[in-house]
Structures are given as structure tokens and as C-alpha cells.
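Peer 1: File follows, data_12.cif with mmCIF, C-alpha atoms:
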```cif
data_model
loop_
_atom_site.label_atom_id
_atom_site.label_comp_id
_atom_site.auth_asym_id
_atom_site.auth_seq_id
_atom_site.Cartn_x
_atom_site.Cartn_y
_atom_site.Cartn_z
CA MET A 179 128.72 -38.59 187.58
CA SER A 180 132.10 -37.31 188.71
CA ASP A 181 132.25 -34.51 191.29
CA ARG A 182 131.80 -31.08 189.74
CA LYS A 183 132.45 -27.60 190.97
CA PRO A 184 129.47 -25.82 192.57
CA ILE A 185 127.24 -24.08 190.02
CA GLU A 186 128.14 -20.41 189.85
CA SER A 187 126.39 -19.45 186.60
CA TRP A 188 123.26 -20.56 184.82
CA LEU A 189 122.17 -20.77 181.18
CA THR A 190 118.58 -21.61 180.39
CA ASP A 191 116.57 -22.06 177.24
CA MET A 192 113.48 -19.89 176.94
CA ASP A 193 110.67 -21.69 175.08
CA GLY A 194 109.66 -24.88 176.87
CA VAL A 195 111.56 -23.94 180.02
CA LEU A 196 110.44 -20.45 181.03
CA ILE A 197 107.43 -20.01 178.73
CA HIS A 198 105.20 -22.28 176.68
CA GLU A 199 103.00 -20.98 173.86
CA GLY A 200 103.20 -17.45 175.23
CA VAL A 201 102.41 -18.37 178.84
CA PRO A 202 104.94 -18.42 181.71
CA ILE A 203 105.65 -21.87 183.09
CA PRO A 204 104.99 -22.07 186.85
CA GLY A 205 108.21 -21.38 188.72
CA ALA A 206 109.83 -19.33 185.95
CA ASP A 207 109.23 -16.02 187.72
CA ALA A 208 110.65 -17.39 190.98
CA PHE A 209 113.70 -18.77 189.16
CA ILE A 210 114.53 -15.47 187.43
CA LYS A 211 113.91 -13.55 190.66
CA LYS A 212 116.22 -15.90 192.57
CA LEU A 213 118.94 -15.53 189.94
CA ARG A 214 118.80 -11.75 190.03
CA GLU A 215 118.82 -11.65 193.84
CA SER A 216 121.74 -14.09 194.02
CA GLY A 217 123.93 -12.00 191.73
CA ARG A 218 124.91 -15.15 189.84
CA PRO A 219 125.78 -14.65 186.15
CA PHE A 220 123.03 -16.00 183.92
CA LEU A 221 121.72 -16.02 180.37
CA VAL A 222 118.36 -16.81 178.81
CA LEU A 223 119.02 -18.43 175.42
CA THR A 224 116.95 -18.95 172.31
CA ASN A 225 117.71 -20.45 168.92
CA ASN A 226 115.07 -18.15 167.43
CA SER A 227 116.82 -15.35 165.53
CA ILE A 228 113.73 -13.27 164.73
CA TYR A 229 113.83 -10.98 167.77
CA THR A 230 116.46 -8.67 169.19
CA PRO A 231 117.33 -8.95 172.90
CA ARG A 232 115.38 -5.72 173.42
CA ASP A 233 112.31 -7.30 171.78
CA LEU A 234 112.61 -10.41 173.95
CA HIS A 235 113.13 -8.33 177.09
CA ALA A 236 109.85 -6.53 176.41
CA ARG A 237 108.06 -9.78 175.56
CA LEU A 238 109.23 -11.47 178.77
CA ARG A 239 108.40 -8.40 180.86
CA ARG A 240 104.81 -8.48 179.59
CA LEU A 241 104.65 -12.04 180.90
CA GLY A 242 105.97 -11.03 184.31
CA LEU A 243 109.56 -12.21 183.76
CA GLU A 244 112.10 -9.43 184.34
CA VAL A 245 115.16 -10.46 182.31
CA PRO A 246 117.68 -7.66 181.61
CA ILE A 247 118.63 -7.16 177.96
CA GLU A 248 122.26 -8.08 178.68
CA ASN A 249 121.12 -11.46 180.04
CA ILE A 250 119.54 -12.55 176.74
CA TRP A 251 121.59 -14.50 174.20
CA THR A 252 120.20 -15.48 170.79
CA SER A 253 121.44 -17.56 167.88
CA ALA A 254 121.60 -14.29 165.90
CA LEU A 255 124.08 -12.84 168.42
CA ALA A 256 126.10 -16.07 168.38
CA THR A 257 126.16 -15.98 164.57
CA ALA A 258 127.28 -12.34 164.54
CA LYS A 259 130.02 -13.06 167.08
CA PHE A 260 131.24 -15.99 164.97
CA LEU A 261 131.33 -13.89 161.77
CA ASP A 262 133.05 -11.01 163.54
CA ASP A 263 135.77 -13.40 164.72
CA GLN A 264 136.09 -15.09 161.33
CA ARG A 265 135.93 -12.13 158.96
CA PRO A 266 135.66 -8.73 160.68
CA GLY A 267 133.95 -6.02 158.64
CA GLY A 268 132.64 -8.48 156.08
CA SER A 269 129.44 -8.57 154.05
CA ALA A 270 126.41 -10.83 153.97
CA TYR A 271 123.21 -11.51 152.09
CA VAL A 272 120.69 -12.12 154.87
CA ILE A 273 117.41 -13.97 154.93
CA GLY A 274 115.92 -13.16 158.33
CA GLU A 275 114.30 -10.62 160.60
CA ALA A 276 115.42 -7.72 162.79
CA GLY A 277 117.09 -9.94 165.37
CA LEU A 278 119.61 -11.11 162.78
CA THR A 279 120.02 -7.96 160.69
CA THR A 280 120.49 -5.82 163.82
CA ALA A 281 123.12 -8.20 165.22
CA LEU A 282 125.06 -8.04 161.95
CA HIS A 283 124.73 -4.26 161.68
CA ASP A 284 126.07 -3.95 165.22
CA ILE A 285 129.32 -5.74 164.30
CA GLY A 286 129.77 -3.49 161.27
CA TYR A 287 128.69 -5.93 158.57
CA ILE A 288 127.46 -4.67 155.20
CA LEU A 289 124.20 -6.30 154.13
CA THR A 290 124.23 -6.75 150.38
CA ASP A 291 123.27 -9.08 147.54
CA HIS A 292 126.34 -8.08 145.51
CA ASP A 293 129.19 -10.56 145.90
CA PRO A 294 128.75 -11.07 149.68
CA ASP A 295 131.24 -12.97 151.83
CA TYR A 296 128.39 -14.96 153.36
CA VAL A 297 124.81 -16.00 152.82
CA VAL A 298 123.28 -15.95 156.31
CA LEU A 299 119.98 -17.75 156.82
CA GLY A 300 117.87 -17.10 159.90
CA GLU A 301 114.30 -17.39 161.07
CA THR A 302 111.49 -15.50 159.35
CA ARG A 303 107.77 -15.93 158.94
CA THR A 304 108.00 -14.83 155.29
CA TYR A 305 110.50 -17.10 153.51
CA SER A 306 110.26 -16.18 149.82
CA PHE A 307 111.11 -18.27 146.79
CA GLU A 308 112.91 -15.27 145.32
CA ALA A 309 115.17 -14.89 148.36
CA MET A 310 115.96 -18.60 148.47
CA THR A 311 116.77 -18.59 144.75
CA LYS A 312 119.11 -15.64 145.23
CA ALA A 313 120.78 -17.43 148.15
CA VAL A 314 121.42 -20.53 146.04
CA ARG A 315 122.94 -18.47 143.22
CA LEU A 316 125.18 -16.48 145.58
CA ILE A 317 126.39 -19.68 147.25
CA ASN A 318 127.12 -21.18 143.84
CA ALA A 319 129.09 -18.02 143.05
CA GLY A 320 131.29 -18.51 146.11
CA ALA A 321 129.51 -17.08 149.16
CA ARG A 322 129.93 -19.11 152.33
CA PHE A 323 126.71 -20.55 153.76
CA ILE A 324 125.90 -19.83 157.43
CA CYS A 325 122.69 -20.60 159.35
CA THR A 326 121.66 -19.31 162.74
CA ASN A 327 120.27 -22.66 163.89
CA PRO A 328 119.31 -26.13 162.62
CA ASP A 329 115.75 -26.25 164.03
CA GLU A 330 113.57 -27.77 161.33
CA THR A 331 110.27 -26.61 162.80
CA GLY A 332 109.09 -23.82 165.06
CA PRO A 333 106.02 -23.59 167.29
CA SER A 334 102.84 -21.66 166.59
CA THR A 335 99.30 -21.73 167.94
CA GLU A 336 98.19 -23.44 164.71
CA GLY A 337 100.90 -26.11 164.85
CA PRO A 338 104.51 -26.54 163.68
CA LEU A 339 105.97 -24.15 161.11
CA PRO A 340 108.92 -24.80 158.77
CA ALA A 341 111.98 -23.20 160.33
CA THR A 342 115.60 -22.43 159.48
CA GLY A 343 116.79 -26.03 159.31
CA ALA A 344 114.09 -27.00 156.83
CA VAL A 345 114.82 -24.04 154.56
CA ALA A 346 118.56 -24.71 154.88
CA ALA A 347 117.93 -28.25 153.61
CA LEU A 348 116.20 -26.84 150.53
CA ILE A 349 119.09 -24.47 149.81
CA THR A 350 121.62 -27.26 150.43
CA LYS A 351 119.81 -29.55 148.01
CA ALA A 352 119.77 -26.84 145.34
CA SER A 353 123.35 -25.61 145.84
CA GLY A 354 125.14 -28.77 146.98
CA ARG A 355 126.65 -26.80 149.90
CA GLN A 356 126.14 -27.62 153.56
CA PRO A 357 125.80 -24.65 155.95
CA TYR A 358 127.61 -24.00 159.20
CA PHE A 359 125.07 -23.77 162.03
CA ALA A 360 126.04 -21.32 164.77
CA GLY A 361 123.17 -22.03 167.19
CA LYS A 362 122.41 -24.98 169.44
CA PRO A 363 123.45 -27.78 169.50
CA ASN A 364 126.71 -26.18 168.39
CA PRO A 365 128.61 -25.62 171.67
CA LEU A 366 129.91 -22.42 170.06
CA MET A 367 126.67 -20.71 171.12
CA MET A 368 127.20 -21.83 174.72
CA ARG A 369 130.87 -20.89 174.85
CA THR A 370 130.36 -17.44 173.35
CA GLY A 371 127.46 -16.93 175.74
CA LEU A 372 129.58 -17.97 178.73
CA ASN A 373 132.29 -15.58 177.60
CA THR A 374 129.87 -12.65 177.54
CA ILE A 375 129.08 -13.14 181.24
CA GLY A 376 132.61 -14.11 182.27
CA ALA A 377 131.59 -17.65 183.24
CA HIS A 378 133.40 -20.98 183.01
CA SER A 379 131.81 -24.19 181.77
CA GLU A 380 133.05 -26.29 184.71
CA SER A 381 131.00 -24.21 187.14
CA SER A 382 127.98 -23.58 184.87
CA ALA A 383 124.71 -25.37 184.20
CA MET A 384 122.44 -25.50 181.16
CA ILE A 385 118.68 -25.98 181.52
CA GLY A 386 116.67 -27.07 178.49
CA ASP A 387 113.65 -28.97 177.26
CA ARG A 388 115.26 -30.64 174.23
CA MET A 389 117.74 -33.49 174.34
CA ASP A 390 118.93 -32.90 170.77
CA THR A 391 119.78 -29.20 171.17
CA ASP A 392 119.89 -27.90 174.75
CA VAL A 393 121.26 -30.95 176.52
CA LEU A 394 123.63 -31.89 173.70
CA ALA A 395 125.03 -28.35 173.51
CA GLY A 396 125.48 -28.23 177.27
CA ILE A 397 127.27 -31.56 177.35
CA GLU A 398 129.59 -30.63 174.48
CA ALA A 399 130.38 -27.31 176.15
CA GLY A 400 131.36 -29.14 179.35
CA MET A 401 128.46 -27.96 181.49
CA LYS A 402 126.13 -29.67 183.95
CA THR A 403 122.80 -30.22 182.21
CA TYR A 404 119.20 -30.26 183.43
CA LEU A 405 116.37 -31.53 181.25
CA VAL A 406 112.93 -30.17 182.16
CA LEU A 407 109.83 -32.05 181.05
CA THR A 408 107.71 -29.00 180.18
CA GLY A 409 108.75 -28.83 176.54
CA LEU A 410 109.46 -31.13 173.62
CA THR A 411 111.34 -34.10 175.08
CA ARG A 412 109.16 -36.61 176.90
CA PRO A 413 110.43 -38.83 179.75
CA GLU A 414 110.23 -42.02 177.66
CA GLN A 415 112.39 -40.44 174.93
CA VAL A 416 115.42 -39.77 177.11
CA GLU A 417 116.71 -43.33 176.83
CA ASN A 418 116.61 -43.13 173.03
CA PHE A 419 119.64 -40.84 173.02
CA PRO A 420 123.27 -42.02 173.35
CA TYR A 421 123.90 -39.33 175.98
CA ARG A 422 122.11 -38.32 179.16
CA PRO A 423 121.49 -35.07 181.01
CA SER A 424 123.05 -34.71 184.44
CA GLU A 425 119.54 -34.59 185.90
CA VAL A 426 115.93 -34.83 184.69
CA VAL A 427 113.41 -32.67 186.58
CA GLY A 428 109.75 -31.91 186.18
CA SER A 429 110.03 -28.20 185.56
CA ILE A 430 111.99 -25.03 186.24
CA ALA A 431 110.23 -24.88 189.63
CA ASP A 432 112.38 -27.83 190.74
CA ILE A 433 115.58 -25.86 190.10
CA VAL A 434 114.75 -22.65 191.99
CA ASP A 435 116.23 -23.90 195.29
CA LEU A 436 119.47 -24.95 193.55
CA VAL A 437 120.35 -21.29 192.91
CA ARG A 438 122.50 -20.14 195.80
#
```
In C-alpha cells, what does this structure look like?

Peer 2:
Amino acid sequence: MSDRKPIESWLTDMDGVLIHEGVPIPGADAFIKKLRESGRPFLVLTNNSIYTPRDLHARLRRLGLEVPIENIWTSALATAKFLDDQRPGGSAYVIGEAGLTTALHDIGYILTDHDPDYVVLGETRTYSFEAMTKAVRLINAGARFICTNPDETGPSTEGPLPATGAVAALITKASGRQPYFAGKPNPLMMRTGLNTIGAHSESSAMIGDRMDTDVLAGIEAGMKTYLVLTGLTRPEQVENFPYRPSEVVGSIADIVDLVR
């Protein structure tokens, strides 16, 4: 690896890095505490668009992780920022939860099923056939198709659940239109996140548990990347990818001392 600037800001994924199935991963509390004490800019990221930053702040606090609301960046926020840049004051038909609808309300978007500028698909636990049918018809009528993230499955205590990417595939098959994904691995999510904390990619690091989203997004955004082995990607899978993280570590506990 070529010499890089010292790390001055940190981005980290949430599920699989800081928490796993609703339980903090050992070292996560020490990492967040060290970041806050250091004064370094940081963000906790998630591709899940269900929750608002305020929801996630409360959820993390219950687990003993004190992450300020302004240090949480979701695919819903990245999607809203993208739409606000592309078509300020526009309209959208939304399939999703409060995390997404709140983000769009906050940028002044009108949520409607009457001739919207966009169909925006996010995460929800209650995907309905009626909503998907309406989305297909609106896209066929000219609405642009946007998705918060391409994740095909999401975790639950009972096992994997169909997620945004899987539902997007259904709508694509029915409409013939591919969506634009705003969340990871799109480096757009990383760059807009870095901009919100005034950070630069050359002096920033991304920590994640997935090669195909976290590490890829970090690489494409020009950041140093750390893969932790407490989530989805297993050690033997790393070599299957045509790109590599800057470093592979056991868990977030191995990164605490790197925060200075």
C-alpha cells in the first residue's frame, strides 16, 4: 500500500461492526468513547432506511453506545441528499418507513402517488403487493426509480428477510427499469457522509464487515478500509474478491488504539 495521510476521521458500519443481533460487540463502547474523547470527526453508517437518526441514537444508547444524532448517517439521508441535489422541492411515491419518509419531508419533498418525480423504495417490514404494483405503474408512466440500498436480505432473529434489493429486482422485472441505488456500495453515500462532517477521503477510514458493500464503498470513495470479522464476510472469503481491504482485523476492539 502507498503511504497515506494519518487518519483524521472515521466512518464505521453499525450492524456487524458495533452490534450483532441487538448485542454490542466487545470493544464497540471503547471505540465510540475513544472517538468522542479524541474530538475526531466520525459517522456511524447503516444501509437500513427504516429508522431515523433519532431512533438509532436511542437504540444504541439502550445498548450502552452513546452516539450523537449528528454522527449517524443512513441510506435514507444519503438518498434524500441525492434527490435534493438532483431535483430540489420534488415529489416522490415512497415505499418505506419513518427513516425514509422523514428524511424526504425534511428536504421539502411532497410524498404523493399522483404523477411523482420519483418512486423511492426503501426498507420496510410490510412490503405490500398493492404498493409494489403502484410503483411499477408509476415507473411505467415516467417516474424515476430510486432505491435506498441494494441489500437483498436483512437480518432477523428468525433468519434472513427479503430486503430492498430483492424487492427492487421484482419491480425491475415488472417495469423493465433499473433503479439508482444511493446507499453502499455507492461511494455517493460515503462522500455525502464525509461532507456532512467536513472530512476528506484521503485522511479518512471506513470500517465494515462486508466486502461487497462497506469495503467496496470505502475503496471507491478513496478511503483506507478495515474489514472486521464479526459480521458477514468470513476470512476465507476475502480472497474471492478482486479488491482487498487495507487491513483485516478480528473486531472493532483491534481498532480502538488506532484512534488518536

Peer 1: Enumerate, as a list in words, the residues matched when the PyMOL selection byres ((chain A and resi 320-325) around 7) is run on the file above.

Peer 2: Pro294, Asp295, Tyr296, Val297, Val298, Leu299, Gly300, Leu316, Ile317, Asn318, Ala319, Thr326, Asn327, Pro357, Tyr358, Phe359 and Ala360 of chain A

Peer 1: What is the CA of Ala395 in chain A-CA of Ser227 in chain A distance in Å, reported with one decimal?

Peer 2: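 Computing the Euclidean distance for CA of Ala395 in chain A and CA of Ser227 in chain A yields 17.3 Å.
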
Peer 1: Compare A:Glu425, A:Glu336, A:Glu244, A:Glu301 by their minimum atom-to-atom distance to Lys212 in chain A, counting all atoms listed in the file, and give me the closest one.

Peer 2: A:Glu244

Peer 1: CA of Lys259 in chain A and CA of Tyr271 in chain A, how far apart in Å?

Peer 2: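 Those two atoms sit 16.5 Å apart.
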
Peer 1: At a cut-off of 12 Å, using all atoms listed in the file, what residues contact Ile210 in chain A? Leave out same-chain residues fewer than 6 positions from it and give the result as a ChimeraX atom specification.

Peer 2: /A:188-190,192,195-196,202-204,216-222,238-239,242-246,249,430-431,433-435,437

Peer 1: Measuring atom to atom with only C-alpha atoms, identify which of A:Leu282, A:Ile228, A:Leu234, A:Leu223 is nearest to Ala270 in chain A.

Peer 2: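 Checking each candidate against Ala270 in chain A, we get A:Leu282 as the closest.
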
Peer 1: Between CA of His198 in chain A and CA of Val416 in chain A, what is the distance, to one decimal in Å?

Peer 2: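 Separating CA of His198 in chain A from CA of Val416 in chain A is a distance of 20.3 Å.
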
Peer 1: I'd like to know which of A:Asp262, A:Asp207, A:Asp233, A:Asp432 is closest to Ile288 in chain A, using all atoms listed in the file.

Peer 2: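 Counting all atoms listed in the file, the residue closest to Ile288 in chain A is A:Asp262.
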
Peer 1: Residues near range 313-315 of chain A, anyone? I mean within 6 Å using all atoms listed in the file, not counting same-chain ones fewer than 3 positions away, as a compact mmCIF listing (two decimals) with C-alpha atoms, in the coordinates of the input.

Peer 2:
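Done, and the output landed in selection_37.txt:
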```txt
# COMPACT_ATOMS: atom_id res chain seq x y z
CA MET A 310 115.96 -18.60 148.47
CA ASN A 318 127.12 -21.18 143.84
CA ILE A 349 119.09 -24.47 149.81
CA SER A 353 123.35 -25.61 145.84
```

Peer 1: Given the choices A:Ser424, A:Thr370, A:Thr411, A:Ser379, which gets closest to Ile185 in chain A if the distance is worked out from only C-alpha atoms?

Peer 2: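 Among the listed residues, the smallest separation from Ile185 in chain A belongs to A:Ser379.
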